[in-house]
$ cat data28.pdb   # PDB, C-alpha atoms
ATOM      1  CA  MET O  29      41.487  18.112   8.892
ATOM      2  CA  HIS O  30      40.490  19.683  12.188
ATOM      3  CA  ALA O  31      41.193  23.175  10.839
ATOM      4  CA  LEU O  32      39.198  22.532   7.653
ATOM      5  CA  SER O  33      36.336  21.154   9.708
ATOM      6  CA  LEU O  34      36.374  24.200  11.972
ATOM      7  CA  VAL O  35      36.386  26.621   9.026
ATOM      8  CA  LEU O  36      33.464  24.861   7.316
ATOM      9  CA  ILE O  37      31.379  24.647  10.478
ATOM     10  CA  CYS O  38      32.028  28.288  11.413
ATOM     11  CA  ALA O  39      31.415  29.583   7.875
ATOM     12  CA  GLY O  40      28.281  27.483   7.503
ATOM     13  CA  LEU O  41      26.843  28.418  10.876
ATOM     14  CA  GLY O  42      27.786  32.073  10.531
ATOM     15  CA  THR O  43      26.014  32.312   7.191
ATOM     16  CA  GLY O  44      23.120  30.035   8.140
ATOM     17  CA  VAL O  45      22.291  31.695  11.442
ATOM     18  CA  THR O  46      22.624  35.168   9.909
ATOM     19  CA  SER O  47      20.253  34.191   7.088
ATOM     20  CA  LEU O  48      17.765  32.752   9.576
ATOM     21  CA  VAL O  49      17.853  35.872  11.751
ATOM     22  CA  VAL O  50      17.428  38.152   8.721
ATOM     23  CA  LEU O  51      14.470  36.088   7.506
ATOM     24  CA  HIS O  52      12.835  36.544  10.894
ATOM     25  CA  LEU O  53      13.411  40.308  10.814
ATOM     26  CA  LEU O  54      12.066  40.872   7.290
ATOM     27  CA  PRO O  55       8.363  41.698   6.785
ATOM     28  CA  THR O  56       7.523  38.172   5.615
ATOM     29  CA  GLY O  57       4.128  37.943   7.275
ATOM     30  CA  LEU O  58       5.165  34.586   8.765
ATOM     31  CA  SER O  59       4.935  33.837  12.460
ATOM     32  CA  PRO O  60       7.889  32.148  14.187
ATOM     33  CA  ILE O  61       5.314  30.607  16.537
ATOM     34  CA  ARG O  62       2.983  29.129  13.903
ATOM     35  CA  ASN O  63       4.836  28.828  10.594
ATOM     36  CA  PRO O  64       7.616  26.365   9.785
ATOM     37  CA  VAL O  65      11.007  27.691   8.709
ATOM     38  CA  SER O  66      10.467  25.971   5.345
ATOM     39  CA  GLN O  67       7.624  28.360   4.602
ATOM     40  CA  TYR O  68      10.213  31.053   3.883
ATOM     41  CA  GLY O  69      11.129  28.844   0.917
ATOM     42  CA  ILE O  70       7.732  29.400  -0.716
ATOM     43  CA  SER O  71       7.718  33.126  -0.080
ATOM     44  CA  LYS O  72       9.367  35.929  -2.026
ATOM     45  CA  TYR O  73      12.279  35.512   0.431
ATOM     46  CA  ARG O  74      13.146  32.020  -0.838
ATOM     47  CA  ALA O  75      16.705  33.088  -1.735
ATOM     48  CA  GLY O  76      17.403  33.741   1.948
ATOM     49  CA  TYR O  77      15.956  30.346   2.839
ATOM     50  CA  ARG O  78      18.117  28.636   0.194
ATOM     51  CA  ASN O  79      21.173  30.476   1.493
ATOM     52  CA  MET O  80      20.374  29.223   5.005
ATOM     53  CA  THR O  81      19.846  25.595   3.993
ATOM     54  CA  ILE O  82      23.019  25.439   1.903
ATOM     55  CA  ALA O  83      24.980  27.048   4.722
ATOM     56  CA  TYR O  84      23.763  24.447   7.215
ATOM     57  CA  GLY O  85      24.741  21.807   4.659
ATOM     58  CA  VAL O  86      28.270  23.242   4.614
ATOM     59  CA  ALA O  87      28.377  23.094   8.415
ATOM     60  CA  GLY O  88      27.263  19.462   8.209
ATOM     61  CA  VAL O  89      30.108  18.669   5.796
ATOM     62  CA  GLY O  90      32.502  20.285   8.261
ATOM     63  CA  ALA O  91      31.145  18.135  11.084
ATOM     64  CA  ALA O  92      31.476  14.979   8.963
ATOM     65  CA  ILE O  93      35.087  15.796   8.065
ATOM     66  CA  GLY O  94      36.012  16.611  11.651
ATOM     67  CA  ILE O  95      34.378  13.566  13.189
ATOM     68  CA  ALA O  96      35.892  11.298  10.515
ATOM     69  CA  SER O  97      39.349  12.518  11.583
ATOM     70  CA  LEU O  98      38.858  11.430  15.201
ATOM     71  CA  PRO O  99      40.441   8.160  16.322
ATOM     72  CA  GLY O 100      37.881   5.400  16.758
ATOM     73  CA  SER O 101      35.179   7.468  15.108
ATOM     74  CA  PRO O 102      32.276   5.236  14.102
ATOM     75  CA  ALA O 103      31.396   5.425  10.424
ATOM     76  CA  VAL O 104      27.708   5.690  11.321
ATOM     77  CA  THR O 105      28.249   9.119  12.939
ATOM     78  CA  VAL O 106      30.072  10.391   9.860
ATOM     79  CA  LEU O 107      27.328   8.955   7.635
ATOM     80  CA  LEU O 108      24.630  10.666   9.706
ATOM     81  CA  CYS O 109      26.448  14.001   9.357
ATOM     82  CA  ALA O 110      26.710  13.450   5.600
ATOM     83  CA  ILE O 111      22.987  12.678   5.351
ATOM     84  CA  PHE O 112      22.216  15.859   7.270
ATOM     85  CA  ALA O 113      24.541  17.902   5.030
ATOM     86  CA  ILE O 114      23.108  16.581   1.772
ATOM     87  CA  ALA O 115      19.487  16.851   2.878
ATOM     88  CA  ARG O 116      19.962  20.433   4.097
ATOM     89  CA  ALA O 117      21.873  21.489   1.003
ATOM     90  CA  VAL O 118      19.233  20.262  -1.481
ATOM     91  CA  ILE O 119      15.959  20.777   0.401
ATOM     92  CA  SER O 120      15.319  24.286  -0.930
ATOM     93  CA  TRP O 121      15.005  22.872  -4.456
ATOM     94  CA  TYR O 122      12.040  20.839  -3.195
ATOM     95  CA  PRO O 123       9.837  23.452  -1.535
ATOM     96  CA  MET O 124       7.103  22.536   0.899
ATOM     97  CA  ASP O 125       3.508  22.515  -0.262
ATOM     98  CA  GLU O 126       1.402  25.599   0.292
ATOM     99  CA  PRO O 127      -0.381  25.199   3.662
ATOM    100  CA  GLY O 128      -3.904  23.948   3.063
ATOM    101  CA  GLY O 129      -3.114  23.307  -0.598
ATOM    102  CA  GLU O 130      -2.863  20.148  -2.631
ATOM    103  CA  ARG O 131      -0.164  17.613  -1.743
ATOM    104  CA  THR O 132       2.503  17.358  -4.424
ATOM    105  CA  VAL O 133       5.427  15.074  -5.196
ATOM    106  CA  THR O 134       7.786  17.992  -4.576
ATOM    107  CA  GLY O 135       6.186  18.653  -1.194
ATOM    108  CA  ARG O 136       6.508  14.986  -0.220
ATOM    109  CA  ARG O 137      10.176  15.049  -1.192
ATOM    110  CA  HIS O 138      10.607  18.139   0.950
ATOM    111  CA  GLY O 139       9.070  16.292   3.872
ATOM    112  CA  LEU O 140      11.340  13.275   3.396
ATOM    113  CA  LEU O 141      14.434  15.479   3.171
ATOM    114  CA  ALA O 142      13.386  17.339   6.332
ATOM    115  CA  ILE O 143      12.842  14.089   8.230
ATOM    116  CA  ALA O 144      16.179  12.725   6.991
ATOM    117  CA  ALA O 145      18.060  15.872   8.021
ATOM    118  CA  PHE O 146      16.419  16.219  11.415
ATOM    119  CA  LEU O 147      16.727  12.561  12.395
ATOM    120  CA  ALA O 148      20.288  12.335  11.089
ATOM    121  CA  ILE O 149      21.649  15.250  13.101
ATOM    122  CA  ALA O 150      19.740  14.261  16.242
ATOM    123  CA  LEU O 151      21.148  10.718  16.064
ATOM    124  CA  ALA O 152      24.623  11.999  15.139
ATOM    125  CA  SER O 153      24.712  14.129  18.279
ATOM    126  CA  ARG O 154      23.860  11.122  20.441
ATOM    127  CA  GLN O 155      26.503   8.968  18.708
ATOM    128  CA  PHE O 156      29.041  11.759  19.082
ATOM    129  CA  ALA O 157      28.352  11.886  22.824
ATOM    130  CA  VAL O 158      28.988   8.134  23.028
ATOM    131  CA  LEU O 159      32.270   8.598  21.145
ATOM    132  CA  LEU O 160      33.404  11.382  23.500
ATOM    133  CA  ASN O 161      32.328   9.455  26.590
ATOM    134  CA  HIS O 162      34.233   6.367  25.463
ATOM    135  CA  ASP O 163      37.641   7.937  26.145
ATOM    136  CA  ASN O 164      36.375  10.325  28.845
ATOM    137  CA  VAL O 165      38.702  13.002  27.462
ATOM    138  CA  GLN O 166      36.057  15.676  26.807
ATOM    139  CA  PRO O 167      33.306  15.000  29.383
ATOM    140  CA  GLY O 168      31.889  18.528  29.150
ATOM    141  CA  LEU O 169      31.504  18.320  25.394
ATOM    142  CA  ALA O 170      30.063  14.814  25.698
ATOM    143  CA  THR O 171      27.406  16.129  28.080
ATOM    144  CA  ALA O 172      26.682  19.109  25.812
ATOM    145  CA  SER O 173      26.326  16.811  22.803
ATOM    146  CA  ASN O 174      23.981  14.569  24.749
ATOM    147  CA  VAL O 175      21.824  17.512  25.847
ATOM    148  CA  CYS O 176      21.665  18.841  22.268
ATOM    149  CA  GLY O 177      20.571  15.405  21.065
ATOM    150  CA  LEU O 178      17.879  15.163  23.726
ATOM    151  CA  VAL O 179      16.579  18.649  22.857
ATOM    152  CA  MET O 180      16.416  17.709  19.170
ATOM    153  CA  LEU O 181      14.727  14.351  19.788
ATOM    154  CA  ALA O 182      12.213  15.873  22.212
ATOM    155  CA  SER O 183      11.351  18.672  19.794
ATOM    156  CA  LEU O 184      10.894  16.144  16.963
ATOM    157  CA  ILE O 185       8.463  14.128  19.069
ATOM    158  CA  ILE O 186       6.564  17.243  20.152
ATOM    159  CA  THR O 187       6.458  18.430  16.533
ATOM    160  CA  VAL O 188       4.698  15.221  15.501
ATOM    161  CA  PHE O 189       2.059  15.658  18.227
ATOM    162  CA  VAL O 190       1.569  19.340  17.405
ATOM    163  CA  ARG O 191       1.254  18.631  13.663
ATOM    164  CA  ARG O 192      -1.093  15.656  14.012
ATOM    165  CA  GLY O 193      -3.194  17.299  16.693
ATOM    166  CA  GLY O 194      -3.525  20.556  14.777
ATOM    167  CA  LEU O 195      -2.185  22.355  17.827
ATOM    168  CA  PRO O 196      -0.614  25.822  17.715
ATOM    169  CA  GLY O 197       3.113  26.297  18.109
ATOM    170  CA  PHE O 198       4.574  24.156  15.323
ATOM    171  CA  GLY O 199       6.968  26.934  14.296
ATOM    172  CA  ALA O 200       8.166  27.522  17.843
ATOM    173  CA  VAL O 201       8.883  23.832  18.439
ATOM    174  CA  GLU O 202      10.726  23.550  15.120
ATOM    175  CA  ARG O 203      12.871  26.530  16.037
ATOM    176  CA  VAL O 204      13.818  24.798  19.287
ATOM    177  CA  PHE O 205      15.051  21.960  17.079
ATOM    178  CA  TYR O 206      17.136  24.441  15.041
ATOM    179  CA  LEU O 207      18.575  25.788  18.272
ATOM    180  CA  GLY O 208      19.595  22.265  19.352
ATOM    181  CA  ALA O 209      21.114  21.472  15.950
ATOM    182  CA  THR O 210      23.027  24.759  15.863
ATOM    183  CA  ALA O 211      24.296  24.232  19.404
ATOM    184  CA  TRP O 212      25.473  20.722  18.521
ATOM    185  CA  LEU O 213      27.419  21.970  15.504
ATOM    186  CA  VAL O 214      29.031  24.517  17.844
ATOM    187  CA  VAL O 215      30.009  21.632  20.161
ATOM    188  CA  VAL O 216      31.744  19.880  17.249
ATOM    189  CA  ALA O 217      33.467  23.156  16.309
ATOM    190  CA  VAL O 218      34.709  23.613  19.890
ATOM    191  CA  LEU O 219      36.238  20.129  19.836
ATOM    192  CA  MET O 220      37.911  20.837  16.496
ATOM    193  CA  SER O 221      39.345  24.085  17.866
ATOM    194  CA  ARG O 222      40.768  22.235  20.863
ATOM    195  CA  LEU O 223      42.352  19.583  18.667
ATOM    196  CA  GLY O 224      43.653  21.803  16.111
TER     197      GLY O 224
END
$ encode --input "data28.pdb" --output "structure tokens"
Amino acid sequence: MHALSLVLICAGLGTGVTSLVVLHLLPTGLSPIRNPVSQYGISKYRAGYRNMTIAYGVAGVGAAIGIASLPGSPAVTVLLCAIFAIARAVISWYPMDEPGGERTVTGRRHGLLAIAAFLAIALASRQFAVLLNHDNVQPGLATASNVCGLVMLASLIITVFVRRGGLPGFGAVERVFYLGATAWLVVVAVLMSRLG
């Protein structure tokens, strides 16, 4: 199971990060400082956004499989990874509302899926750190997981203040979250490579 987990995480992250980088390099007219990543999903580059979200979903499945195979692994951590995977995989079928436009049911569903994915992976990283600290076998990875979780939680909190306050920088803060989530999936992959 460790090898399968590693393959899924690496394939998902490789594809997801590549798609995200390409989206940022294309002439989309979107600003990585101001615009959310989800806005690629309502542009003519939505196929690249869908590719990215599905790929991150695959990485989430890999994390769930790998963590489930660990002795003493709490079911809540596996469940959180599964929630992240499902929410990421399906979110592109529920695009965000056009900025400044009318609120729609689809847009609200997008928001709920985003919240579910972001909270799930942030909490999973913290639970994973607790699991690794319990046996004190991988203290470096436990610390890395903890740091990733703190980065994700902090960026979520800042995102709320930026959004509600109408402040600039929403896109930049969200991308910090993506960086934390990607780094945490790498931490899980490193553990799987060591075990496997």
$ axis_aligned_box --input "data28.pdb" --around "range 47-54 of chain O" --padding-each-side "3 Å" --output "JSON"
{"center_x": 16.2, "center_y": 36.8, "center_z": 9.4, "size_x": 14.2, "size_y": 14.1, "size_z": 10.7}
$ resolve_selection --input "data28.pdb" --expression "the PyMOL selection byres ((chain O and resi 55-68) around 12)" --output "PyMOL selection string"
chain O and resi 47-54+69-81+116+119-127+135+138-139+141-142+187+190-191+194-206
$ resolve_selection --input "data28.pdb" --expression "the PyMOL selection byres ((chain O and resi 222) around 12)" --output "compact mmCIF listing (two decimals) with C-alpha atoms, keeping the file's coordinate frame"
# COMPACT_ATOMS: atom_id res chain seq x y z
CA HIS O 30 40.49 19.68 12.19
CA ALA O 31 41.19 23.18 10.84
CA LEU O 34 36.37 24.20 11.97
CA GLY O 94 36.01 16.61 11.65
CA VAL O 165 38.70 13.00 27.46
CA GLN O 166 36.06 15.68 26.81
CA LEU O 169 31.50 18.32 25.39
CA VAL O 215 30.01 21.63 20.16
CA VAL O 216 31.74 19.88 17.25
CA ALA O 217 33.47 23.16 16.31
CA VAL O 218 34.71 23.61 19.89
CA LEU O 219 36.24 20.13 19.84
CA MET O 220 37.91 20.84 16.50
CA SER O 221 39.34 24.08 17.87
CA LEU O 223 42.35 19.58 18.67
CA GLY O 224 43.65 21.80 16.11
$ residues_around --input "data28.pdb" --residues "Gly90 in chain O" --least-positions-apart "4" --cutoff "10 Å" --atoms "all atoms listed in the file" --output "PDB file with C-alpha atoms, keeping the file's coordinate frame"
ATOM      1  CA  MET O  29      41.487  18.112   8.892  1.00  0.00           C
ATOM      2  CA  HIS O  30      40.490  19.683  12.188  1.00  0.00           C
ATOM      3  CA  ALA O  31      41.193  23.175  10.839  1.00  0.00           C
ATOM      4  CA  LEU O  32      39.198  22.532   7.653  1.00  0.00           C
ATOM      5  CA  SER O  33      36.336  21.154   9.708  1.00  0.00           C
ATOM      6  CA  LEU O  34      36.374  24.200  11.972  1.00  0.00           C
ATOM      7  CA  VAL O  35      36.386  26.621   9.026  1.00  0.00           C
ATOM      8  CA  LEU O  36      33.464  24.861   7.316  1.00  0.00           C
ATOM      9  CA  ILE O  37      31.379  24.647  10.478  1.00  0.00           C
ATOM     10  CA  CYS O  38      32.028  28.288  11.413  1.00  0.00           C
ATOM     11  CA  ALA O  39      31.415  29.583   7.875  1.00  0.00           C
ATOM     12  CA  GLY O  40      28.281  27.483   7.503  1.00  0.00           C
ATOM     13  CA  TYR O  84      23.763  24.447   7.215  1.00  0.00           C
ATOM     14  CA  GLY O  85      24.741  21.807   4.659  1.00  0.00           C
ATOM     15  CA  VAL O  86      28.270  23.242   4.614  1.00  0.00           C
ATOM     16  CA  GLY O  94      36.012  16.611  11.651  1.00  0.00           C
ATOM     17  CA  ILE O  95      34.378  13.566  13.189  1.00  0.00           C
ATOM     18  CA  ALA O  96      35.892  11.298  10.515  1.00  0.00           C
ATOM     19  CA  CYS O 109      26.448  14.001   9.357  1.00  0.00           C
ATOM     20  CA  ALA O 110      26.710  13.450   5.600  1.00  0.00           C
ATOM     21  CA  ALA O 113      24.541  17.902   5.030  1.00  0.00           C
ATOM     22  CA  LEU O 213      27.419  21.970  15.504  1.00  0.00           C
ATOM     23  CA  VAL O 216      31.744  19.880  17.249  1.00  0.00           C
ATOM     24  CA  ALA O 217      33.467  23.156  16.309  1.00  0.00           C
ATOM     25  CA  MET O 220      37.911  20.837  16.496  1.00  0.00           C
TER      26      MET O 220
END
$ atom_distance --input "data28.pdb" --atom1 "CA of Val175 in chain O" --atom2 "CA of Val118 in chain O"
27.6 Å
$ atom_distance --input "data28.pdb" --atom1 "CA of Ile111 in chain O" --atom2 "CA of Gly129 in chain O"
28.8 Å
$ closest_residue --input "data28.pdb" --among "O:Arg137, O:Leu207, O:Ser173, O:Leu160" --to "Leu98 in chain O" --atoms "only C-alpha atoms"
O:Leu160
$ atom_distance --input "data28.pdb" --atom1 "CA of Glu130 in chain O" --atom2 "CA of Ile143 in chain O"
20.0 Å
$ residues_around --input "data28.pdb" --residues "Phe156 in chain O" --least-positions-apart "2" --cutoff "8 Å" --atoms "only C-alpha atoms" --output "list in words"
Thr105, Ala152, Ser153, Arg154, Val158, Leu159, Leu160, Ala170 and Ser173 of chain O
$ closest_residue --input "data28.pdb" --among "O:Gly128, O:Leu151, O:Gly177, O:Val89" --to "Ala211 in chain O" --atoms "only C-alpha atoms"
O:Gly177
$ closest_residue --input "data28.pdb" --among "O:Cys176, O:Ile186, O:Ala209, O:Ile93" --to "Phe146 in chain O" --atoms "all atoms listed in the file"
O:Ala209
